[in-house]
Amino acid sequence: MTLFMVYNAQYVSISYDYINLLPEKDSSYTHFQDFKEVFREDVNMYVLAVSDPDFFELDKFNDWRRLGDTIRKLDGVEGLASVSHLFNINKNKEEKKFEFVSMLNDTASSQAQVDSLAGLIRSLPFYRGILYNDSTHTFLMGITINEKLMNSRNREGLIQQIAKLSQAFSDKHKIEVHHSGLPYTRTVIAKKIREELRMFVLLALLVTAIIMYLFFRSFKIVMFSMLVVSMAVVWALGSIVLMGYQITIISGMIPPLIIVIGIPNCIYLLNKFQQEYAHHGNKIMAMQRVIRRIGNAAFMTNLTTALGFATFITTNSEILVEFGVIASLNIMGVFIISILLIPIIFSFLKAPSARHTHHLKNKTINRVVEILIHWIVYYRKQIFIVTILLVLVGIYGITRMKTTGFMVDDISKKHPVYKDLKYFEKNFKGVMPLEIMIDTKKKKGVMRTSTLKKIDKLQEKLSHYPELSHSMSIVDAFKFSRQAYYNGKEKYYGLPGSQEQNFILAYLSKDKPRINLLENFVDSTGQYARVSLKVADIGTLKMRKLYHDITNDIYSVFPAEFYNVTLTGTSIVFFKGTGYLIHNLFTSLLLAILIIAVFMAIMFASWRMVMVSLIPNLVPLIVTAAIMGFFGIPIKPSTVLVFSIAFGISVDDTIHFLAKYRQELKLTNWNIGKSVIIALQETGVSMIYTSIVLFFGFSIFITSTFGGTIALGILVSITLLVAMLSNIVLLPSLLLALEKRLTTKSFSEPLLDVYDEEEDIEVDELEIKE
């Protein structure tokens, strides 16, 4: 099986596609698809920019021109626009047509030519705010990437070539070249995901190996435990390929998660094996009891963890469904591997020596457990008071939580991608596409003077939003044409009257120009028009208000009975998708709690016990939510994952403790107090060990360069630490305080029983009768 998975794992790949967070039936998603059927969105636009007051020096300007010419010849580049590659419209009076001519056919021959060209560019408002910002002396180069190449790994090579060429320009002229656009951002993120995947796997193996050695003082235990989880990682990668998935920023966490979740399986199995062997010295009997007793509990704990992850399947979000499927399947996979291989491997090895079982008598850990037992027996009231105060403070902290999300929210503010994004927002108001599609409900309805005036009025309203870039539409094309009609005089850059419009259309229709000025803004039937602009990455909270305000502006200009206008674009899909995703993640958390509660009710046959056992696992979630509220950590897709992951894992300790507690009830003849103490003495050490592994295991995510992954690592680590304390202190306290009101006869006779090793036959006492 592992060799088969190794064969498949070699074909694992990083996703280069745009991640859609919305279900296909959502209206925002369908609007976006409708828009793309009529027009083409600028999601494949890679932009470069420089800021320099001396940009129009001959040598510098010519090198910018050469840079553009070289980039335009690269495979996968479909188009390029910059101030050194612009077209102008000339009026041919004799043939009564417009001629689209390049302002510069080659590099400039003199400084006077460059100065003349600079004056001409500044006299054309059509390009102002789009390809240059005169107030900040910033000049942009837009590069259109082939869509097929965009969604393949080959785009990395193209992006690297462009980056190398631009760096040469930067080095020569000592000017920083800034990069942005979705092709660049997505490529950098995909590359970083691949690098971090390797790093996380190695760190997870290293951290867990060190901790296991400190616990067990045995290289054999460490080596074979690492073998088990390494095989599980291979299975995870192979299953991603077999399911037809690719690695995303979320599914990239699965391999290290498998290691961190798989190691506690090994700890429970090996700890019990050594306890049993130390007790009676029979290796095979110890193995038998481990499989029968711990195997049952381990199956339940892995199943509940898998169920917690499986709830992501209900979100209708492709990225989370894939994460839920792969994570849940492979959590059960790591259980199967560990329950088979650990006993098989250690049955062939020598029995553990006194040095290897010395940790069972670890005075520090045992002293900690004894202190906890003392608290539980004598300070239950104080434990309940502290818990209630924590919950009350937590509820207040929850009221301070905020929901938001940014397009590059997970990227460090020190990262070049983030810095360059802010640079483009400062100089061009952003790079995230925002589109308005206007359906006039009539063929050639766009060309009516009344419609053009309405579009112009809407654009004028949009110009007052500081978050929005300069907008472009059919109106701008007509204004540019009108300026050309009046021999390029800037004062004539304006919307033509109905009579002027007829003359201009006549000039445009005479000869198909090299660049069709109208087809980018209006469809072939003349029924649909678009208004294109860019928006800053302002976050989903501000975006929600902006969306509402722009929608009101649209309806104030275009009556709904005559026009059908939709606000769409990648920025809208992301903003709506983030809100949808957060809502569904909370739904999946509630579903996880419900499913695990039902499962535990079946396991322990007592609803009252289930309700009490859920309390110690809900308190850590409240504490974590409070930390997010007090420290201003917003609710976003990456941080909402914390709750489902932590709950699914933390409930494992509860199951291990209650399984042992239920068993002790039988042996102590229903002595609840004694059963709680014995259960804590036996499971407490393993709970502490596994919690330490989980704490440091999830802490490896702090080394990430993605803010969301860092937050997830910190928050899950804290949540699991609080969950360990809650399960080891609060749960036993509740059992002792409520006693027989909780523990009914049905609790001791569940549907799923845990094997009682005291009923085992002592091999040494067997004898053959003649």
# chains A, B, ... in the order shown; residues from 1 in each chain; ligands from 1
>>> residues_around(residues="region 237-243 of chain A", least_positions_apart="2", cutoff="6 Å", atoms="only C-alpha atoms", output="count of residues only")
7
>>> residues_around(residues="region 671-685 of chain A", least_positions_apart="2", cutoff="8 Å", atoms="only C-alpha atoms", output="PDB file with N, CA, C and O atoms, in the first residue's frame")
ATOM      1  N   ILE A 365       6.514  14.313  36.498  1.00  0.00           N
ATOM      2  CA  ILE A 365       5.177  14.131  35.910  1.00  0.00           C
ATOM      3  C   ILE A 365       4.221  13.550  36.937  1.00  0.00           C
ATOM      4  O   ILE A 365       3.075  14.006  37.080  1.00  0.00           O
ATOM      5  N   ASN A 366       4.678  12.538  37.670  1.00  0.00           N
ATOM      6  CA  ASN A 366       3.813  11.921  38.681  1.00  0.00           C
ATOM      7  C   ASN A 366       3.461  12.899  39.798  1.00  0.00           C
ATOM      8  O   ASN A 366       2.354  12.870  40.334  1.00  0.00           O
ATOM      9  N   VAL A 369       0.733  15.104  38.524  1.00  0.00           N
ATOM     10  CA  VAL A 369      -0.557  14.397  38.570  1.00  0.00           C
ATOM     11  C   VAL A 369      -1.099  14.356  39.998  1.00  0.00           C
ATOM     12  O   VAL A 369      -2.302  14.568  40.227  1.00  0.00           O
ATOM     13  N   GLU A 370      -0.218  14.104  40.959  1.00  0.00           N
ATOM     14  CA  GLU A 370      -0.648  14.061  42.360  1.00  0.00           C
ATOM     15  C   GLU A 370      -1.164  15.418  42.828  1.00  0.00           C
ATOM     16  O   GLU A 370      -2.138  15.502  43.593  1.00  0.00           O
ATOM     17  N   ILE A 373      -4.588  15.854  41.439  1.00  0.00           N
ATOM     18  CA  ILE A 373      -5.549  15.052  42.205  1.00  0.00           C
ATOM     19  C   ILE A 373      -5.898  15.764  43.514  1.00  0.00           C
ATOM     20  O   ILE A 373      -7.072  15.796  43.920  1.00  0.00           O
ATOM     21  N   HIS A 656     -10.423   9.018  26.372  1.00  0.00           N
ATOM     22  CA  HIS A 656      -9.458   8.162  27.079  1.00  0.00           C
ATOM     23  C   HIS A 656      -9.741   8.139  28.585  1.00  0.00           C
ATOM     24  O   HIS A 656      -9.725   7.075  29.222  1.00  0.00           O
ATOM     25  N   PHE A 657     -10.017   9.316  29.151  1.00  0.00           N
ATOM     26  CA  PHE A 657     -10.257   9.391  30.594  1.00  0.00           C
ATOM     27  C   PHE A 657     -11.551   8.673  30.978  1.00  0.00           C
ATOM     28  O   PHE A 657     -11.579   7.875  31.923  1.00  0.00           O
ATOM     29  N   LEU A 658     -12.624   8.953  30.247  1.00  0.00           N
ATOM     30  CA  LEU A 658     -13.917   8.342  30.583  1.00  0.00           C
ATOM     31  C   LEU A 658     -13.908   6.835  30.364  1.00  0.00           C
ATOM     32  O   LEU A 658     -14.586   6.084  31.080  1.00  0.00           O
ATOM     33  N   LYS A 660     -11.339   4.828  30.817  1.00  0.00           N
ATOM     34  CA  LYS A 660     -10.674   4.253  31.986  1.00  0.00           C
ATOM     35  C   LYS A 660     -11.545   4.398  33.229  1.00  0.00           C
ATOM     36  O   LYS A 660     -11.646   3.457  34.059  1.00  0.00           O
ATOM     37  N   TYR A 661     -12.207   5.530  33.373  1.00  0.00           N
ATOM     38  CA  TYR A 661     -13.093   5.769  34.536  1.00  0.00           C
ATOM     39  C   TYR A 661     -14.215   4.740  34.565  1.00  0.00           C
ATOM     40  O   TYR A 661     -14.527   4.159  35.620  1.00  0.00           O
ATOM     41  N   ARG A 662     -14.817   4.471  33.416  1.00  0.00           N
ATOM     42  CA  ARG A 662     -15.911   3.510  33.337  1.00  0.00           C
ATOM     43  C   ARG A 662     -15.429   2.113  33.725  1.00  0.00           C
ATOM     44  O   ARG A 662     -16.106   1.349  34.417  1.00  0.00           O
ATOM     45  N   GLU A 664     -12.884   1.398  35.727  1.00  0.00           N
ATOM     46  CA  GLU A 664     -12.575   1.356  37.152  1.00  0.00           C
ATOM     47  C   GLU A 664     -13.836   1.261  38.007  1.00  0.00           C
ATOM     48  O   GLU A 664     -13.792   0.732  39.124  1.00  0.00           O
ATOM     49  N   LEU A 665     -14.960   1.790  37.503  1.00  0.00           N
ATOM     50  CA  LEU A 665     -16.209   1.685  38.255  1.00  0.00           C
ATOM     51  C   LEU A 665     -16.560   0.226  38.542  1.00  0.00           C
ATOM     52  O   LEU A 665     -17.017  -0.122  39.629  1.00  0.00           O
ATOM     53  N   THR A 668     -13.958  -1.208  41.184  1.00  0.00           N
ATOM     54  CA  THR A 668     -14.033  -0.652  42.548  1.00  0.00           C
ATOM     55  C   THR A 668     -15.420  -0.776  43.148  1.00  0.00           C
ATOM     56  O   THR A 668     -15.715  -0.148  44.169  1.00  0.00           O
ATOM     57  N   ASN A 669     -16.268  -1.573  42.475  1.00  0.00           N
ATOM     58  CA  ASN A 669     -17.631  -1.786  42.973  1.00  0.00           C
ATOM     59  C   ASN A 669     -18.380  -0.460  43.149  1.00  0.00           C
ATOM     60  O   ASN A 669     -18.926  -0.156  44.191  1.00  0.00           O
ATOM     61  N   MET A 687      -2.023  11.822  28.916  1.00  0.00           N
ATOM     62  CA  MET A 687      -2.689  13.056  28.503  1.00  0.00           C
ATOM     63  C   MET A 687      -1.703  14.223  28.482  1.00  0.00           C
ATOM     64  O   MET A 687      -1.716  15.056  27.571  1.00  0.00           O
ATOM     65  N   ILE A 688      -0.841  14.265  29.508  1.00  0.00           N
ATOM     66  CA  ILE A 688       0.176  15.333  29.561  1.00  0.00           C
ATOM     67  C   ILE A 688       1.172  15.163  28.418  1.00  0.00           C
ATOM     68  O   ILE A 688       1.522  16.130  27.730  1.00  0.00           O
ATOM     69  N   TYR A 689       1.636  13.926  28.208  1.00  0.00           N
ATOM     70  CA  TYR A 689       2.591  13.651  27.135  1.00  0.00           C
ATOM     71  C   TYR A 689       2.027  14.079  25.770  1.00  0.00           C
ATOM     72  O   TYR A 689       2.680  14.789  24.992  1.00  0.00           O
ATOM     73  N   ILE A 728      -8.170  17.416  32.477  1.00  0.00           N
ATOM     74  CA  ILE A 728      -7.441  16.757  33.565  1.00  0.00           C
ATOM     75  C   ILE A 728      -7.827  17.320  34.943  1.00  0.00           C
ATOM     76  O   ILE A 728      -7.569  16.693  35.966  1.00  0.00           O
ATOM     77  N   PRO A 732     -12.706  15.669  35.918  1.00  0.00           N
ATOM     78  CA  PRO A 732     -12.775  14.861  37.142  1.00  0.00           C
ATOM     79  C   PRO A 732     -13.517  15.573  38.280  1.00  0.00           C
ATOM     80  O   PRO A 732     -14.234  14.933  39.058  1.00  0.00           O
ATOM     81  N   LEU A 735     -17.173  15.151  37.737  1.00  0.00           N
ATOM     82  CA  LEU A 735     -17.596  13.777  38.037  1.00  0.00           C
ATOM     83  C   LEU A 735     -17.724  13.564  39.547  1.00  0.00           C
ATOM     84  O   LEU A 735     -18.683  12.940  40.016  1.00  0.00           O
ATOM     85  N   LEU A 736     -16.767  14.105  40.315  1.00  0.00           N
ATOM     86  CA  LEU A 736     -16.813  13.958  41.765  1.00  0.00           C
ATOM     87  C   LEU A 736     -17.937  14.783  42.388  1.00  0.00           C
ATOM     88  O   LEU A 736     -18.574  14.346  43.353  1.00  0.00           O
ATOM     89  N   GLU A 739     -21.393  13.151  41.028  1.00  0.00           N
ATOM     90  CA  GLU A 739     -21.430  11.752  41.410  1.00  0.00           C
ATOM     91  C   GLU A 739     -22.586  10.980  40.781  1.00  0.00           C
ATOM     92  O   GLU A 739     -22.712  10.897  39.568  1.00  0.00           O
TER      93      GLU A 739
END
>>> residues_around(residues="Arg65 (chain A)", least_positions_apart="3", cutoff="6 Å", atoms="only C-alpha atoms", output="list of chain:residue names")
A:Asn62, A:Gly68, A:Ser84
>>> write_last_selection(atoms="N, CA, C and O atoms", output="compact mmCIF listing (two decimals), in the first residue's frame")
# COMPACT_ATOMS: atom_id res chain seq x y z
N ASN A 62 14.34 54.64 -22.89
CA ASN A 62 14.60 53.62 -23.91
C ASN A 62 14.76 52.23 -23.30
O ASN A 62 14.32 51.24 -23.89
N GLY A 68 9.97 46.30 -22.13
CA GLY A 68 8.65 45.92 -22.62
C GLY A 68 8.71 45.08 -23.88
O GLY A 68 7.98 44.09 -24.02
N SER A 84 5.63 53.71 -22.84
CA SER A 84 6.54 53.63 -23.98
C SER A 84 5.97 52.74 -25.11
O SER A 84 6.63 52.51 -26.11
>>> select_by_dssp(residues="region 438-512 of chain A", states="helix (DSSP H, G or I)", output="PyMOL selection string")
chain A and resi 445-447+449-462+474-485+490-492+498-510
>>> atom_distance(atom1="CA of Arg544 (chain A)", atom2="CA of Asn584 (chain A)")
18.2 Å
>>> closest_atom_pairs(of="region 93-149 of chain A", to="region 161-183 of chain A", cutoff="10 Å", atoms="only C-alpha atoms", output="tab-separated table")
residue	atom	partner	partner_atom	distance
A:Leu140	CA	A:His178	CA	9.3
A:Met141	CA	A:His179	CA	9.7
A:Gly142	CA	A:Gly181	CA	9.1
A:Ile143	CA	A:Gly181	CA	9.4
A:Thr144	CA	A:Pro183	CA	9.3
A:Ile145	CA	A:Pro183	CA	7.7
A:Glu147	CA	A:Pro183	CA	9.8
>>> residues_around(residues="region 376-383 of chain A", least_positions_apart="2", cutoff="9 Å", atoms="only C-alpha atoms", output="PyMOL selection string")
chain A and resi 371-374+385-388+673+677+729-730+732-734+736-737
>>> atom_distance(atom1="CA of Leu621 (chain A)", atom2="CA of Leu589 (chain A)")
10.7 Å
>>> closest_residue(among="A:Ser230, A:Thr301, A:Asn564, A:Ser135", to="Phe599 (chain A)", atoms="only C-alpha atoms")
A:Thr301
>>> closest_residue(among="A:Leu214, A:Leu508, A:Leu389, A:Ala112", to="Ala484 (chain A)", atoms="only C-alpha atoms")
A:Leu508
>>> residues_around(residues="region 420-425 of chain A", least_positions_apart="6", cutoff="12 Å", atoms="only C-alpha atoms", output="VMD selection string")
chain A and resid 47 to 51 129 to 133 136 138 to 141 176 to 182 184 to 185 406 to 409 411 to 414 431 to 432 466 to 470 534 to 538
>>> closest_residue(among="A:Phe56, A:Tyr563, A:Tyr7, A:Phe630", to="Ile395 (chain A)", atoms="only C-alpha atoms")
A:Phe630
>>> residues_around(residues="Ser691 (chain A)", least_positions_apart="5", cutoff="7 Å", atoms="only C-alpha atoms", output="tab-separated table (two decimals) with C-alpha atoms, in the first residue's frame")
chain	number	residue	atom	x	y	z
A	720	LEU	CA	-5.19	22.29	23.20
A	721	LEU	CA	-3.15	23.33	26.26
A	724	MET	CA	-5.65	19.40	28.51
>>> select_by_dssp(residues="region 345-442 of chain A", states="strand (DSSP E or B)", output="CSV table (one decimal) with C-alpha atoms, in the first residue's frame")
chain,number,residue,atom,x,y,z
A,403,THR,CA,-15.0,39.4,11.2
A,411,ILE,CA,1.0,37.4,3.8
A,432,MET,CA,-8.0,44.0,-7.4
A,433,PRO,CA,-10.5,43.9,-10.3
A,434,LEU,CA,-14.0,45.4,-9.8
A,435,GLU,CA,-16.5,45.3,-12.7
A,436,ILE,CA,-19.9,46.7,-13.4
A,437,MET,CA,-21.9,45.1,-16.2
A,438,ILE,CA,-24.8,47.1,-17.6
A,439,ASP,CA,-27.6,45.3,-19.5
>>> closest_residue(among="A:Thr705, A:Ile627, A:His31, A:Ile342", to="Arg400 (chain A)", atoms="only C-alpha atoms")
A:Ile627
>>> residues_around(residues="Gly494 (chain A)", least_positions_apart="2", cutoff="7 Å", atoms="only C-alpha atoms", output="list in words")
Lys479, Arg482, Tyr492 and Pro496 of chain A
>>> closest_residue(among="A:Lys442, A:Lys25, A:Lys454, A:Lys461", to="Thr551 (chain A)", atoms="only C-alpha atoms")
A:Lys461
